[in-house]
$ cat data.txt   # compact mmCIF, C-alpha atoms
# COMPACT_ATOMS: atom_id res chain seq x y z
CA MET A 1 130.43 156.09 67.34
CA HIS A 2 127.71 153.67 66.43
CA ASP A 3 126.48 151.06 68.89
CA ILE A 4 125.09 147.71 67.93
CA THR A 5 123.46 145.49 70.52
CA GLY A 6 122.48 141.86 70.34
CA SER A 7 123.87 138.54 71.42
CA PHE A 8 126.66 136.88 69.49
CA GLY A 9 127.24 133.31 70.53
CA ASP A 10 127.44 132.63 74.25
CA VAL A 11 130.53 130.44 74.57
CA MET A 12 129.45 129.05 77.95
CA GLN A 13 125.93 128.36 76.71
CA LYS A 14 127.38 125.80 74.29
CA GLN A 15 128.94 123.98 77.25
CA LEU A 16 125.63 123.95 79.11
CA GLU A 17 123.85 122.54 76.06
CA LEU A 18 126.42 119.76 75.66
CA ALA A 19 126.13 118.97 79.37
CA ALA A 20 122.34 118.76 79.00
CA GLN A 21 122.79 116.27 76.13
CA ASN A 22 125.03 114.07 78.30
CA TYR A 23 122.49 114.27 81.12
CA GLU A 24 119.67 113.15 78.83
CA LEU A 25 121.72 110.29 77.39
CA LEU A 26 122.61 108.98 80.86
CA LYS A 27 119.03 109.40 82.11
CA ASN A 28 117.68 107.44 79.14
CA ARG A 29 120.07 104.60 79.99
CA GLY A 30 119.04 104.71 83.65
CA ILE A 31 122.56 105.62 84.78
CA ARG A 32 123.29 107.82 87.77
CA ALA A 33 126.51 109.82 87.28
CA VAL A 34 128.83 111.61 89.71
CA ASN A 35 131.40 114.26 88.78
CA VAL A 36 134.31 113.70 91.19
CA MET A 37 136.55 116.75 91.56
CA GLY A 38 139.39 117.67 93.87
CA ALA A 39 143.07 118.51 94.05
CA ILE A 40 145.82 116.13 92.94
CA GLY A 41 146.36 113.53 95.65
CA SER A 42 143.14 114.27 97.54
CA GLY A 43 142.10 110.62 97.18
CA LYS A 44 139.51 110.78 94.40
CA THR A 45 140.45 107.45 92.81
CA GLU A 46 140.70 105.57 96.11
CA LEU A 47 137.30 106.89 97.24
CA ILE A 48 135.72 105.85 93.94
CA LEU A 49 137.18 102.34 94.35
CA ARG A 50 135.79 102.07 97.91
CA MET A 51 132.38 103.35 96.81
CA ALA A 52 132.39 100.93 93.88
CA GLU A 53 132.98 97.96 96.24
CA LYS A 54 129.96 98.97 98.36
CA LEU A 55 127.74 99.59 95.35
CA ARG A 56 128.62 96.23 93.84
CA GLU A 57 127.69 94.53 97.13
CA ARG A 58 124.26 96.09 96.59
CA GLY A 59 124.09 94.63 93.09
CA LEU A 60 124.80 97.87 91.22
CA ARG A 61 127.20 97.84 88.29
CA VAL A 62 129.79 100.63 88.37
CA GLY A 63 131.84 102.23 85.61
CA ALA A 64 134.42 105.00 85.65
CA ILE A 65 135.89 107.62 83.35
CA ALA A 66 139.34 108.82 84.35
CA GLY A 67 140.26 112.35 83.30
CA ASP A 68 143.92 113.27 83.44
CA VAL A 69 146.24 115.63 81.66
CA ALA A 70 148.44 112.64 80.81
CA GLY A 71 148.99 109.03 81.82
CA ASP A 72 146.61 106.18 82.58
CA ASP A 73 147.42 105.32 86.20
CA ASP A 74 143.88 105.91 87.48
CA TYR A 75 142.43 104.00 84.54
CA GLN A 76 144.67 101.03 85.35
CA ARG A 77 143.54 101.09 88.98
CA PHE A 78 139.90 100.97 87.88
CA ARG A 79 140.57 98.14 85.46
CA SER A 80 142.51 96.15 88.08
CA ALA A 81 139.44 96.41 90.32
CA GLY A 82 137.30 94.98 87.50
CA ILE A 83 135.54 98.26 86.79
CA PRO A 84 134.72 99.06 83.14
CA ALA A 85 136.72 102.23 82.56
CA LEU A 86 137.81 104.69 79.94
CA GLN A 87 140.67 107.16 80.00
CA ILE A 88 140.37 110.73 78.76
CA ASN A 89 143.71 112.45 78.36
CA THR A 90 142.89 116.12 78.09
CA GLY A 91 146.15 116.99 76.37
CA ASP A 92 147.16 119.64 78.90
CA GLN A 93 143.65 120.98 79.41
CA CYS A 94 143.14 121.55 83.13
CA HIS A 95 139.58 120.19 83.31
CA LEU A 96 137.17 117.82 81.60
CA ASP A 97 134.42 119.39 79.55
CA ALA A 98 131.03 118.18 78.39
CA HIS A 99 132.26 117.75 74.82
CA GLN A 100 135.04 115.33 75.81
CA VAL A 101 132.71 113.42 78.11
CA GLY A 102 130.10 113.21 75.33
CA HIS A 103 132.64 111.47 73.06
CA ALA A 104 133.72 109.18 75.90
CA LEU A 105 130.08 108.15 76.45
CA GLU A 106 129.83 107.15 72.78
CA ASN A 107 132.64 104.65 73.35
CA PHE A 108 131.58 103.44 76.78
CA PRO A 109 129.71 100.15 77.34
CA LEU A 110 126.77 101.98 78.93
CA ASP A 111 124.58 98.87 78.87
CA GLN A 112 126.96 97.29 81.41
CA ILE A 113 126.61 99.90 84.15
CA ASP A 114 124.11 101.51 86.54
CA VAL A 115 126.46 104.08 88.09
CA LEU A 116 129.17 106.17 86.43
CA PHE A 117 131.92 107.99 88.29
CA ILE A 118 133.66 110.65 86.21
CA GLU A 119 136.96 111.53 87.83
CA ASN A 120 137.89 115.06 86.79
CA VAL A 121 141.41 116.42 86.36
CA GLY A 122 143.07 117.22 89.70
CA ASN A 123 142.36 120.94 89.89
CA LEU A 124 140.14 123.10 92.10
CA VAL A 125 139.59 126.06 89.80
CA CYS A 126 138.47 125.22 86.28
CA PRO A 127 136.20 122.17 86.65
CA ALA A 128 133.66 124.42 88.44
CA ASP A 129 132.99 126.31 85.20
CA PHE A 130 132.41 123.21 83.07
CA PRO A 131 129.36 121.13 84.03
CA LEU A 132 129.50 117.63 82.54
CA GLY A 133 125.85 116.62 82.75
CA THR A 134 126.16 114.51 85.91
CA ASP A 135 123.46 114.10 88.57
CA VAL A 136 125.64 115.22 91.43
CA ASP A 137 128.97 117.01 91.98
CA LEU A 138 131.42 115.80 94.60
CA VAL A 139 134.61 117.57 95.68
CA VAL A 140 137.18 115.60 97.66
CA ILE A 141 139.44 117.59 99.99
CA SER A 142 142.15 115.84 101.96
CA VAL A 143 143.08 117.27 105.34
CA THR A 144 146.70 117.33 104.21
CA GLU A 145 145.82 120.21 101.88
CA GLY A 146 145.27 122.47 104.90
CA ASP A 147 142.10 123.77 106.51
CA ASP A 148 141.81 126.81 104.22
CA MET A 149 140.82 125.00 101.02
CA VAL A 150 137.25 126.33 100.94
CA ARG A 151 138.42 129.88 101.63
CA LYS A 152 140.83 129.67 98.72
CA HIS A 153 138.23 128.35 96.26
CA PRO A 154 134.89 129.76 97.45
CA LYS A 155 133.14 129.88 94.06
CA MET A 156 133.92 126.21 93.45
CA PHE A 157 132.41 125.16 96.77
CA ALA A 158 129.41 127.47 96.45
CA GLN A 159 128.36 125.29 93.49
CA THR A 160 129.25 121.83 94.84
CA ASP A 161 126.58 119.44 96.13
CA VAL A 162 128.70 117.20 98.33
CA VAL A 163 132.15 117.55 99.93
CA ALA A 164 134.16 114.60 101.24
CA ILE A 165 136.83 115.66 103.72
CA ASN A 166 139.20 112.77 103.20
CA LYS A 167 142.17 111.34 105.12
CA VAL A 168 140.55 112.53 108.38
CA ASP A 169 142.63 109.92 110.22
CA LEU A 170 145.67 112.10 109.42
CA ALA A 171 144.15 115.38 110.68
CA ALA A 172 145.90 115.32 114.06
CA PHE A 173 149.27 114.61 112.45
CA VAL A 174 149.09 117.61 110.14
CA GLY A 175 147.46 119.92 112.71
CA VAL A 176 144.30 120.50 110.70
CA ASP A 177 140.78 120.83 112.11
CA PRO A 178 138.34 119.15 109.66
CA GLU A 179 135.43 120.93 111.40
CA ARG A 180 136.80 124.26 110.22
CA ILE A 181 136.75 123.10 106.60
CA ALA A 182 133.18 121.88 107.08
CA ALA A 183 132.10 125.19 108.69
CA ASP A 184 133.57 127.23 105.81
CA TYR A 185 131.75 125.05 103.29
CA LYS A 186 128.41 125.37 105.07
CA LYS A 187 128.79 129.16 104.93
CA VAL A 188 129.23 129.30 101.15
CA ASN A 189 126.79 126.45 100.54
CA PRO A 190 124.07 126.02 103.19
CA HIS A 191 122.54 123.11 101.23
CA GLY A 192 125.75 121.19 100.70
CA LYS A 193 126.46 117.91 102.48
CA VAL A 194 129.77 117.21 104.24
CA VAL A 195 131.08 113.75 104.96
CA PHE A 196 134.31 112.88 106.81
CA THR A 197 136.08 110.01 105.10
CA ALA A 198 139.26 107.97 105.27
CA ALA A 199 139.25 106.05 102.01
CA LYS A 200 142.07 103.66 102.90
CA SER A 201 140.25 102.31 105.95
CA GLY A 202 136.78 102.68 104.42
CA ARG A 203 135.58 105.12 107.07
CA GLY A 204 132.64 107.26 105.99
CA VAL A 205 132.13 105.53 102.64
CA ASP A 206 128.54 104.45 103.42
CA GLU A 207 127.70 107.97 104.59
CA LEU A 208 129.24 109.43 101.44
CA LEU A 209 127.12 107.16 99.25
CA ALA A 210 124.02 108.26 101.14
CA ALA A 211 124.97 111.93 100.66
CA LEU A 212 125.36 111.28 96.92
CA GLY A 213 121.85 109.82 96.82
CA PHE A 214 122.73 106.10 96.67
CA MET B 1 142.66 129.52 83.74
CA HIS B 2 141.04 129.11 80.32
CA GLU B 3 140.81 132.74 79.32
CA TYR B 4 142.61 132.20 76.01
CA SER B 5 140.35 129.42 74.77
CA LEU B 6 137.23 131.35 75.76
CA ALA B 7 138.55 134.56 74.19
CA GLN B 8 139.20 132.55 71.03
CA GLY B 9 135.62 131.26 71.12
CA LEU B 10 134.26 134.79 71.46
CA LEU B 11 136.55 136.05 68.70
CA ASN B 12 135.56 133.28 66.27
CA SER B 13 131.85 133.80 66.87
CA LEU B 14 132.19 137.55 66.35
CA LEU B 15 134.25 137.16 63.16
CA ASP B 16 131.56 134.78 61.85
CA TYR B 17 128.89 137.28 62.81
CA LEU B 18 130.70 140.15 61.06
CA ARG B 19 131.06 138.13 57.86
CA ALA B 20 127.30 137.65 57.80
CA HIS B 21 126.44 141.15 59.10
CA PRO B 22 129.09 143.69 57.97
CA VAL B 23 129.22 146.84 60.13
CA PRO B 24 129.78 150.40 58.83
CA GLY B 25 133.23 151.07 60.25
CA ARG B 26 135.88 149.72 62.55
CA VAL B 27 134.87 147.87 65.74
CA LYS B 28 136.44 149.78 68.64
CA LYS B 29 134.79 148.11 71.60
CA VAL B 30 133.31 144.68 72.12
CA HIS B 31 130.91 144.55 75.05
CA VAL B 32 130.82 141.22 76.84
CA LYS B 33 128.69 140.07 79.74
CA LYS B 34 130.45 137.75 82.14
CA GLY B 35 128.52 135.78 84.73
CA GLU B 36 129.96 136.27 88.17
CA LEU B 37 130.05 132.53 88.89
CA LEU B 38 132.68 132.04 86.20
CA ILE B 39 136.18 131.74 87.58
CA LEU B 40 137.87 133.94 85.00
CA SER B 41 140.39 136.71 85.32
CA GLU B 42 139.08 139.84 83.59
CA TRP B 43 142.59 141.11 83.11
CA ALA B 44 143.71 137.88 81.43
CA LEU B 45 140.59 137.76 79.26
CA LYS B 46 141.20 141.31 77.95
CA GLU B 47 144.87 140.55 77.35
CA ALA B 48 144.01 137.32 75.52
CA TRP B 49 141.56 139.24 73.33
CA ARG B 50 144.14 141.89 72.50
CA ILE B 51 146.69 139.28 71.42
CA LEU B 52 144.30 136.92 69.59
CA ALA B 53 142.60 139.75 67.69
CA GLU B 54 145.88 140.87 66.14
CA GLY B 55 145.90 140.18 62.43
CA THR B 56 142.11 140.05 62.22
CA GLU B 57 139.67 142.83 61.41
CA LEU B 58 139.12 143.16 65.16
CA SER B 59 142.75 144.08 65.76
CA GLY B 60 142.95 147.02 68.17
CA SER B 61 139.44 146.51 69.53
CA GLU B 62 138.95 146.53 73.26
CA LEU B 63 137.00 143.99 75.28
CA VAL B 64 134.66 145.74 77.73
CA LEU B 65 133.47 143.37 80.44
CA GLU B 66 130.30 143.73 82.45
CA SER B 67 129.86 141.38 85.38
CA VAL B 68 126.39 139.85 85.48
CA PRO B 69 125.16 138.99 88.99
CA VAL B 70 123.57 135.65 89.75
CA ARG B 71 119.82 135.50 89.16
CA ALA B 72 118.13 132.56 90.76
CA ARG B 73 114.73 130.91 90.85
CA CYS B 74 113.31 129.11 93.85
CA ASP B 75 111.05 126.17 93.09
CA SER B 76 109.78 126.08 96.68
CA CYS B 77 108.39 129.61 97.08
CA GLY B 78 108.54 131.01 93.56
CA TYR B 79 111.11 133.73 94.33
CA GLU B 80 113.09 134.97 91.36
CA GLY B 81 115.87 137.50 91.63
CA ASN B 82 119.26 138.15 93.18
CA VAL B 83 120.86 136.07 95.90
CA ARG B 84 122.68 137.16 99.04
CA TYR B 85 126.44 137.33 99.29
CA LEU B 86 128.96 136.10 101.77
CA ALA B 87 131.68 138.69 102.30
CA GLU B 88 133.76 137.80 105.30
CA GLU B 89 136.97 139.39 106.31
CA GLY B 90 139.82 137.21 105.09
CA TRP B 91 137.97 135.78 102.06
CA HIS B 92 138.90 138.70 99.79
CA MET B 93 135.96 137.86 97.57
CA SER B 94 132.22 138.30 97.72
CA VAL B 95 130.68 134.89 97.15
CA PRO B 96 127.11 134.40 95.91
CA VAL B 97 125.23 131.97 98.16
CA LEU B 98 122.95 129.74 96.07
CA SER B 99 120.12 129.71 98.56
CA CYS B 100 116.71 131.41 98.41
CA PRO B 101 116.90 134.76 100.27
CA ARG B 102 113.17 134.49 101.03
CA CYS B 103 112.61 130.90 102.20
CA GLY B 104 116.12 129.41 102.41
CA ALA B 105 115.53 126.54 99.95
CA PRO B 106 118.08 125.61 97.26
CA VAL B 107 117.74 127.66 94.08
CA ARG B 108 118.22 127.10 90.38
CA ILE B 109 120.68 129.40 88.61
CA MET B 110 119.02 131.32 85.79
CA GLU B 111 121.86 133.73 85.07
CA GLY B 112 125.45 134.03 86.21
CA ARG B 113 127.33 131.52 84.06
CA ASP B 114 127.16 133.47 80.80
CA LEU B 115 130.01 134.65 78.67
CA ALA B 116 128.59 136.36 75.59
CA ILE B 117 129.08 139.35 73.36
CA VAL B 118 126.17 141.73 73.86
CA GLY B 119 127.19 144.76 71.82
CA LEU B 120 129.70 146.51 69.61
CA SER B 121 130.84 150.11 69.39
CA VAL B 122 131.69 150.92 65.79
CA ASP B 123 133.66 153.98 64.73
CA GLU B 124 132.15 155.10 61.43
CA SER B 125 134.75 157.88 60.97
CA SER B 126 137.43 155.19 60.56
CA LEU B 127 136.13 154.43 57.08
CA SER B 128 138.43 155.91 54.45
CA LYS B 129 135.94 155.26 51.68
CA PRO B 130 132.50 156.36 52.82
CA GLU B 131 131.01 155.12 49.56
CA ARG B 132 131.43 151.59 50.88
CA LEU B 133 128.39 152.37 52.98
$ encode --input "data.txt" --output "structure tokens"
Amino acid sequence: MHDITGSFGDVMQKQLELAAQNYELLKNRGIRAVNVMGAIGSGKTELILRMAEKLRERGLRVGAIAGDVAGDDDYQRFRSAGIPALQINTGDQCHLDAHQVGHALENFPLDQIDVLFIENVGNLVCPADFPLGTDVDLVVISVTEGDDMVRKHPKMFAQTDVVAINKVDLAAFVGVDPERIAADYKKVNPHGKVVFTAAKSGRGVDELLAALGF
Amino acid sequence: MHEYSLAQGLLNSLLDYLRAHPVPGRVKKVHVKKGELLILSEWALKEAWRILAEGTELSGSELVLESVPVRARCDSCGYEGNVRYLAEEGWHMSVPVLSCPRCGAPVRIMEGRDLAIVGLSVDESSLSKPERL
């Protein structure tokens, strides 16, 4: 047997390079971008809409990219709120990747925005492996998903900058302790920031913006 | 979740490599380093390789995976090296904590997200015509 050693094309390295290109492009345009991840129904779109309202009150222009396997429901919600938006249908892929986002940025009116929210596909596994080139990563957990979400996806949360524990006003009804979710997250990510939110009522939205660096 | 697409990426890059750099025999093992931060099933990755390699010159080759631990760099105190792990009962997984083990500041990840081919084991005796060498 004959052994050959070397390095033959790191498939993840290509993703990191594409993400770095997106990051540079957004930096050059002076745009701050947030990768918004979380399970289906966690409240990602609603939280983005609430954050967009607050940011616009401060004179910042907000845009959004909606990533979904199919459909344009989130895109329509952004457009109805007057937010420049673009839909990426991943065609059954379970996450957005830097390549898709790079193409979306080519078609986006970047001169019309200061802040870009990129709403990832509802999924708590794969998006963690595919950085998009954003400034900050946010994962939205709703209390209705149970208080074991961090335990079930520890690698995802170990790499996430900010967690919004959403729908906290429902916690008592579903018998979930939001503090337990927060404690699990702080164990896997001592530097992460946790914010309790209830997007529908607007609770915690200012705190979430502060945690995201706005 | 995306083991097949990543296995296809590895396979394509290796087939390209072999076209440019022919090896003296049949590739039996393909050594791959896999960063431990990647959320990939090793079993599924090997199975995807086995199926996707069929019909190519890599048919019958085995993917040998080596898990690469996180290496981190701390911009606060200059530490560079491994990180500590959280392994609590009930988590069923050892999770790297991306925090400096020396000073507690956030760290930058230097290694731990890779998925790359790092070596091949080639069986020279599989050549029926040694003169091809």
$ residues_around --input "data.txt" --residues "Ala199 of chain A" --least-positions-apart "3" --cutoff "8 Å" --atoms "only C-alpha atoms" --output "list of chain:residue names"
A:Gly43, A:Glu46, A:Leu47, A:Arg50, A:Asn166, A:Lys167, A:Gly202, A:Arg203, A:Gly204, A:Val205
$ closest_residue --input "data.txt" --among "A:Leu18, A:Leu209, A:Leu96, A:Val168" --to "Met51 of chain A" --atoms "only C-alpha atoms"
A:Leu209
$ closest_residue --input "data.txt" --among "A:Tyr23, A:Tyr185, A:Phe117, A:Tyr75" --to "chain B" --atoms "only C-alpha atoms"
A:Tyr185
$ interface_residues --input "data.txt" --of "chain B" --to "chain A" --cutoff "8 Å" --atoms "all atoms listed in the file" --output "number ranges by chain"
B: 1-2, 6, 9-10, 13-14, 17, 37-39, 86, 91, 95-99, 105-106, 113-125
$ axis_aligned_box --input "data.txt" --around "segment 41-46 of chain B" --padding-each-side "5 Å" --output "JSON"
{"center_x": 141.4, "center_y": 139.0, "center_z": 81.6, "size_x": 14.6, "size_y": 14.6, "size_z": 17.4}
$ atom_distance --input "data.txt" --atom1 "atom CA of Ala85 of chain A" --atom2 "atom CA of Phe108 of chain A"
7.8 Å
$ residues_around --input "data.txt" --residues "Val163 of chain A" --least-positions-apart "3" --cutoff "9 Å" --atoms "all atoms listed in the file" --output "ChimeraX atom specification"
/A:137-141,157,160,182,185,192-196,208
$ atom_distance --input "data.txt" --atom1 "atom CA of Ser42 of chain A" --atom2 "atom CA of Ala164 of chain A"
9.7 Å
$ atom_distance --input "data.txt" --atom1 "atom CA of Arg61 of chain A" --atom2 "atom CA of Lys27 of chain A"
15.4 Å
$ closest_residue --input "data.txt" --among "A:Ala172, A:Ala20, A:Ile31, A:Ile40" --to "Glu119 of chain A" --atoms "all atoms listed in the file"
A:Ile40
$ residues_near_point --input "data.txt" --point "(128.3, 106.0, 83.0)" --cutoff "10 Å" --atoms "all atoms listed in the file" --output "PDB file with C-alpha atoms, in the frame of the given file"
ATOM      1  CA  ASN A  22     125.030 114.070  78.300  1.00  0.00           C
ATOM      2  CA  LEU A  25     121.720 110.290  77.390  1.00  0.00           C
ATOM      3  CA  LEU A  26     122.610 108.980  80.860  1.00  0.00           C
ATOM      4  CA  LYS A  27     119.030 109.400  82.110  1.00  0.00           C
ATOM      5  CA  ARG A  29     120.070 104.600  79.990  1.00  0.00           C
ATOM      6  CA  GLY A  30     119.040 104.710  83.650  1.00  0.00           C
ATOM      7  CA  ILE A  31     122.560 105.620  84.780  1.00  0.00           C
ATOM      8  CA  ARG A  32     123.290 107.820  87.770  1.00  0.00           C
ATOM      9  CA  ALA A  33     126.510 109.820  87.280  1.00  0.00           C
ATOM     10  CA  VAL A  34     128.830 111.610  89.710  1.00  0.00           C
ATOM     11  CA  ARG A  61     127.200  97.840  88.290  1.00  0.00           C
ATOM     12  CA  VAL A  62     129.790 100.630  88.370  1.00  0.00           C
ATOM     13  CA  GLY A  63     131.840 102.230  85.610  1.00  0.00           C
ATOM     14  CA  ALA A  64     134.420 105.000  85.650  1.00  0.00           C
ATOM     15  CA  ILE A  65     135.890 107.620  83.350  1.00  0.00           C
ATOM     16  CA  PRO A  84     134.720  99.060  83.140  1.00  0.00           C
ATOM     17  CA  ALA A  85     136.720 102.230  82.560  1.00  0.00           C
ATOM     18  CA  VAL A 101     132.710 113.420  78.110  1.00  0.00           C
ATOM     19  CA  ALA A 104     133.720 109.180  75.900  1.00  0.00           C
ATOM     20  CA  LEU A 105     130.080 108.150  76.450  1.00  0.00           C
ATOM     21  CA  PHE A 108     131.580 103.440  76.780  1.00  0.00           C
ATOM     22  CA  PRO A 109     129.710 100.150  77.340  1.00  0.00           C
ATOM     23  CA  LEU A 110     126.770 101.980  78.930  1.00  0.00           C
ATOM     24  CA  ASP A 111     124.580  98.870  78.870  1.00  0.00           C
ATOM     25  CA  GLN A 112     126.960  97.290  81.410  1.00  0.00           C
ATOM     26  CA  ILE A 113     126.610  99.900  84.150  1.00  0.00           C
ATOM     27  CA  ASP A 114     124.110 101.510  86.540  1.00  0.00           C
ATOM     28  CA  VAL A 115     126.460 104.080  88.090  1.00  0.00           C
ATOM     29  CA  LEU A 116     129.170 106.170  86.430  1.00  0.00           C
ATOM     30  CA  PHE A 117     131.920 107.990  88.290  1.00  0.00           C
ATOM     31  CA  ILE A 118     133.660 110.650  86.210  1.00  0.00           C
ATOM     32  CA  THR A 134     126.160 114.510  85.910  1.00  0.00           C
TER      33      THR A 134
END
$ decode --input "data.txt" --residues "segment 100-108 of chain A" --atoms "all heavy atoms" --output "CSV table (one decimal), in the first residue's frame"
chain,number,residue,atom,x,y,z
A,100,GLN,N,-25.7,31.4,-2.3
A,100,GLN,CA,-27.1,31.9,-2.6
A,100,GLN,C,-27.2,33.3,-2.2
A,100,GLN,O,-27.8,34.2,-2.9
A,100,GLN,CB,-28.1,31.0,-1.9
A,100,GLN,CG,-28.2,29.6,-2.4
A,100,GLN,CD,-29.0,28.8,-1.4
A,100,GLN,OE1,-29.0,29.0,-0.2
A,100,GLN,NE2,-29.6,27.7,-1.9
A,101,VAL,N,-26.7,33.6,-1.0
A,101,VAL,CA,-26.8,35.0,-0.5
A,101,VAL,C,-26.0,35.9,-1.4
A,101,VAL,O,-26.4,37.1,-1.6
A,101,VAL,CB,-26.4,35.0,1.0
A,101,VAL,CG1,-26.2,36.5,1.5
A,101,VAL,CG2,-27.4,34.3,1.9
A,102,GLY,N,-24.8,35.5,-1.8
A,102,GLY,CA,-24.0,36.3,-2.7
A,102,GLY,C,-24.8,36.7,-3.9
A,102,GLY,O,-24.8,37.9,-4.4
A,103,HIS,N,-25.5,35.8,-4.5
A,103,HIS,CA,-26.3,36.1,-5.7
A,103,HIS,C,-27.4,37.0,-5.4
A,103,HIS,O,-27.8,38.0,-6.1
A,103,HIS,CB,-26.8,34.8,-6.4
A,103,HIS,CG,-25.8,34.1,-7.2
A,103,HIS,ND1,-25.2,34.7,-8.3
A,103,HIS,CD2,-25.3,32.9,-7.1
A,103,HIS,CE1,-24.3,33.9,-8.8
A,103,HIS,NE2,-24.4,32.7,-8.1
A,104,ALA,N,-28.1,36.8,-4.2
A,104,ALA,CA,-29.2,37.7,-3.8
A,104,ALA,C,-28.7,39.1,-3.6
A,104,ALA,O,-29.3,40.1,-4.0
A,104,ALA,CB,-29.8,37.2,-2.5
A,105,LEU,N,-27.5,39.3,-3.1
A,105,LEU,CA,-26.9,40.6,-2.8
A,105,LEU,C,-26.7,41.3,-4.2
A,105,LEU,O,-26.8,42.6,-4.2
A,105,LEU,CB,-25.6,40.5,-2.0
A,105,LEU,CG,-25.7,40.0,-0.6
A,105,LEU,CD1,-24.4,40.0,0.1
A,105,LEU,CD2,-26.7,40.9,0.2
A,106,GLU,N,-26.4,40.6,-5.2
A,106,GLU,CA,-26.2,41.2,-6.5
A,106,GLU,C,-27.4,41.9,-7.0
A,106,GLU,O,-27.4,42.8,-7.8
A,106,GLU,CB,-25.7,40.1,-7.6
A,106,GLU,CG,-24.3,39.7,-7.4
A,106,GLU,CD,-24.0,38.4,-8.3
A,106,GLU,OE1,-24.9,38.1,-9.2
A,106,GLU,OE2,-23.0,37.8,-8.1
A,107,ASN,N,-28.6,41.3,-6.6
A,107,ASN,CA,-29.9,41.8,-7.1
A,107,ASN,C,-30.6,42.6,-6.1
A,107,ASN,O,-31.8,43.0,-6.3
A,107,ASN,CB,-30.8,40.6,-7.5
A,107,ASN,CG,-30.2,39.7,-8.6
A,107,ASN,OD1,-29.8,40.3,-9.6
A,107,ASN,ND2,-30.1,38.4,-8.4
A,108,PHE,N,-30.0,42.9,-5.0
A,108,PHE,CA,-30.6,43.7,-3.9
A,108,PHE,C,-30.3,45.2,-4.1
A,108,PHE,O,-29.2,45.5,-4.3
A,108,PHE,CB,-30.2,43.2,-2.6
A,108,PHE,CG,-31.2,43.4,-1.5
A,108,PHE,CD1,-32.1,42.5,-1.1
A,108,PHE,CD2,-31.2,44.7,-0.9
A,108,PHE,CE1,-33.1,42.7,-0.1
A,108,PHE,CE2,-32.2,44.9,0.1
A,108,PHE,CZ,-33.1,44.0,0.5
